[in-house]
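Asker: This is the structure I have questions about; it appears just below.
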Amino acid sequence: MRTVLRRPDFRLLFVALLASMAAESILLLALAVWVKDLTGSDGMAGATIFAIIAPMALAPLVGWVVDRCRRRPFFVAANLGTAVLLCPLFAVHDRADVWVIYVVAGLYGLSYITLSAVLSGLIRHLVPSELLADANGVLQTVRQGLRLVGPLAGAGLYAAVGGWLLVTLAMTGFLTAAAVVGLLRVTETTPARSARRWPAGLGAGLRHLAGDPALRRALLGYGLGSLMMGFTESLIFAYVDLGLGRDAAFVGVLVTVQGVGGLVGGLVSAAVVRRAGEVGALAAGVSFFGPAALALAYPRLWLGVVALLLAGVSLPLTMVGLNTLIQRRTPPGLLGRVAAAAEAVVSGPQAVSIGAGALLVGVVDYRLLFVLVGVTTTAAGLYLWRGRRLTAPRPVLVHVPAPRRPLDHEMLAATRRRRTP
């Protein structure tokens, strides 16, 4: 990780992403807690996450637009737009205004797809191929590390002050990210217009994912895993409320615990990619989520802490493995569409399961749903592990200096005699 952080251009991008990720970490959970506080409903709180993920259906269109623009100015504009779209949250005061939170959550979800797609191309432009896993690992380490303080701080600030301060801080983070990336000096040419008509161009990302064996297996396995992982977005509120007997703000404590595991996962993710390959790292991440979900079926605080630590390790492994695989196996001109299509394939099923979880949590015992999630994600992890050889491990290259030639004492003496007058 030190190698990639020595690059001045990546360091600047890193500072910008630190600001925007801090904004995300304090805002996302707070929106769900806000809805829970206004409505008293676990299902409606979980539906806030569904509103964020639902716009993934527009991912092919978003990727098509991203691939037609230069990465740096598009990234700046997207961060400015994200700050503006948060403004309606200042008008939320009571239960009748919950719809405003849902609308903003949906627009934020659309912004999230856009920023992810353009960021993938920007990293590919700034970082050489052999350092992509390290770059993705650094960013995931920071993202997960922010879970240690962000969600808990966000929930605490909401409980103490209200939503207006959270919105102000989040807007500041996105505006800072736009300003810092605006300082980045990147030589980019305007992308060439494709000869394909736009409907065919929209599907180019999906065709690339389906045509590459490693990408195809990665998306099938991770898509199945995320289909079940989405249930936990609603189940965690029932786990805290019905299982542990605590209020909704305690979810922030558990998410902070998950951030500890995420910090560990982010630190080791680049090394796992080098040793097991991208698909192997993805398999390890999905597999870790299985026993974590099974442990949450038994509501004990100490067991929940262990489960969330394990779930925290899972997430950065999956994201670093998948993002690095996409960046290494996709032409630059197609990267926006492929990254957006991958988000749709993974997050689309997750959105369905979040919506289903929000409905089922009121009629089915949440513990049975956790068991279902655990069994299915374990099976998905095994499917991915069987395909790990599709991406061979990348050995660490160690520079060994060439051995010095032994001195020839006779030649040295002859040279000295010639130099002696």
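How things are named: the first chain in the structure tokens is A, the next is B, and so on; residues count from 1 in each chain; ligands count from 1 in the order shown.
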Can you build me a table of segment 241-356 of chain A residues sitting at most 7 Å from segment 108-124 of chain A, with the closest atom pair per residue and its distance in Å to one decimal, using only C-alpha atoms, sorted by chain and residue number, as a tab-separated table?
Answerer:
residue	atom	partner	partner_atom	distance
A:Gln327	CA	A:Arg124	CA	6.5
A:Pro332	CA	A:Gly121	CA	6.9
A:Leu335	CA	A:Gly121	CA	6.0
A:Gly336	CA	A:Ala117	CA	4.9
A:Ala339	CA	A:Ala117	CA	5.3
A:Ala340	CA	A:Ala117	CA	5.4
Asker: Extract, using only C-alpha atoms, all DNA, RNA and protein residues at most 8 Å from Val345 of chain A, discarding same-chain residues fewer than 3 positions from it, and format them as a PyMOL selection string.
Answerer: chain A and resi 219+223+341-342+348-349
Asker: Using only C-alpha atoms, can you tell me which of A:Leu183, A:Val35, A:Val84, A:Leu209 comes closest to Pro331 of chain A?
Answerer: A:Leu209
Asker: Run DSSP on the backbone of this structure and report the residues of segment 24-85 of chain A it assigns to alpha helix (DSSP H), as number ranges by chain.
Answerer: A: 24-39, 42-53, 59-66, 71-85
Asker: Given only C-alpha atoms as the basis, pick out the residue of A:Ala214, A:Val15, A:Ala358, A:Leu308 nearest to Thr324 of chain A.
Answerer: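 Distance minimum relative to Thr324 of chain A lands on A:Ala214.
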Asker: Please build the interface table for segment 59-144 of chain A against segment 168-175 of chain A with a cut-off of 6 Å, listing for each qualifying residue the nearest atom pair and the distance in Å to one decimal; count only C-alpha atoms, order rows by chain and increasing number, and write it as CSV.
Answerer:
residue,atom,partner,partner_atom,distance
A:Asn79,CA,A:Phe174,CA,5.3
A:Leu80,CA,A:Leu175,CA,5.9
A:Ala83,CA,A:Met171,CA,4.6
Asker: Could you save those same residues with all heavy atoms as a PDB file, in the first residue's frame?
Answerer:
ATOM      1  N   ASN A  79     -19.893  15.002  -7.796  1.00  0.00           N
ATOM      2  CA  ASN A  79     -19.830  15.334  -6.370  1.00  0.00           C
ATOM      3  C   ASN A  79     -20.594  16.619  -6.066  1.00  0.00           C
ATOM      4  O   ASN A  79     -21.278  16.718  -5.035  1.00  0.00           O
ATOM      5  CB  ASN A  79     -18.374  15.467  -5.916  1.00  0.00           C
ATOM      6  CG  ASN A  79     -17.759  14.142  -5.529  1.00  0.00           C
ATOM      7  OD1 ASN A  79     -17.965  13.639  -4.431  1.00  0.00           O
ATOM      8  ND2 ASN A  79     -17.011  13.554  -6.448  1.00  0.00           N
ATOM      9  N   LEU A  80     -20.497  17.608  -6.942  1.00  0.00           N
ATOM     10  CA  LEU A  80     -21.261  18.841  -6.745  1.00  0.00           C
ATOM     11  C   LEU A  80     -22.759  18.558  -6.800  1.00  0.00           C
ATOM     12  O   LEU A  80     -23.535  19.078  -5.982  1.00  0.00           O
ATOM     13  CB  LEU A  80     -20.877  19.870  -7.817  1.00  0.00           C
ATOM     14  CG  LEU A  80     -19.460  20.438  -7.750  1.00  0.00           C
ATOM     15  CD1 LEU A  80     -19.189  21.338  -8.946  1.00  0.00           C
ATOM     16  CD2 LEU A  80     -19.250  21.213  -6.450  1.00  0.00           C
ATOM     17  N   ALA A  83     -24.012  16.950  -3.556  1.00  0.00           N
ATOM     18  CA  ALA A  83     -24.205  17.920  -2.473  1.00  0.00           C
ATOM     19  C   ALA A  83     -25.522  18.671  -2.626  1.00  0.00           C
ATOM     20  O   ALA A  83     -26.252  18.879  -1.647  1.00  0.00           O
ATOM     21  CB  ALA A  83     -23.031  18.903  -2.453  1.00  0.00           C
TER      22      ALA A  83
END
Asker: Residues at most 9 Å from Pro88 of chain A, counting only C-alpha atoms, excluding those fewer than 4 positions away in the same chain, as a VMD selection string?
Answerer: chain A and resid 84 92 100 to 101 104
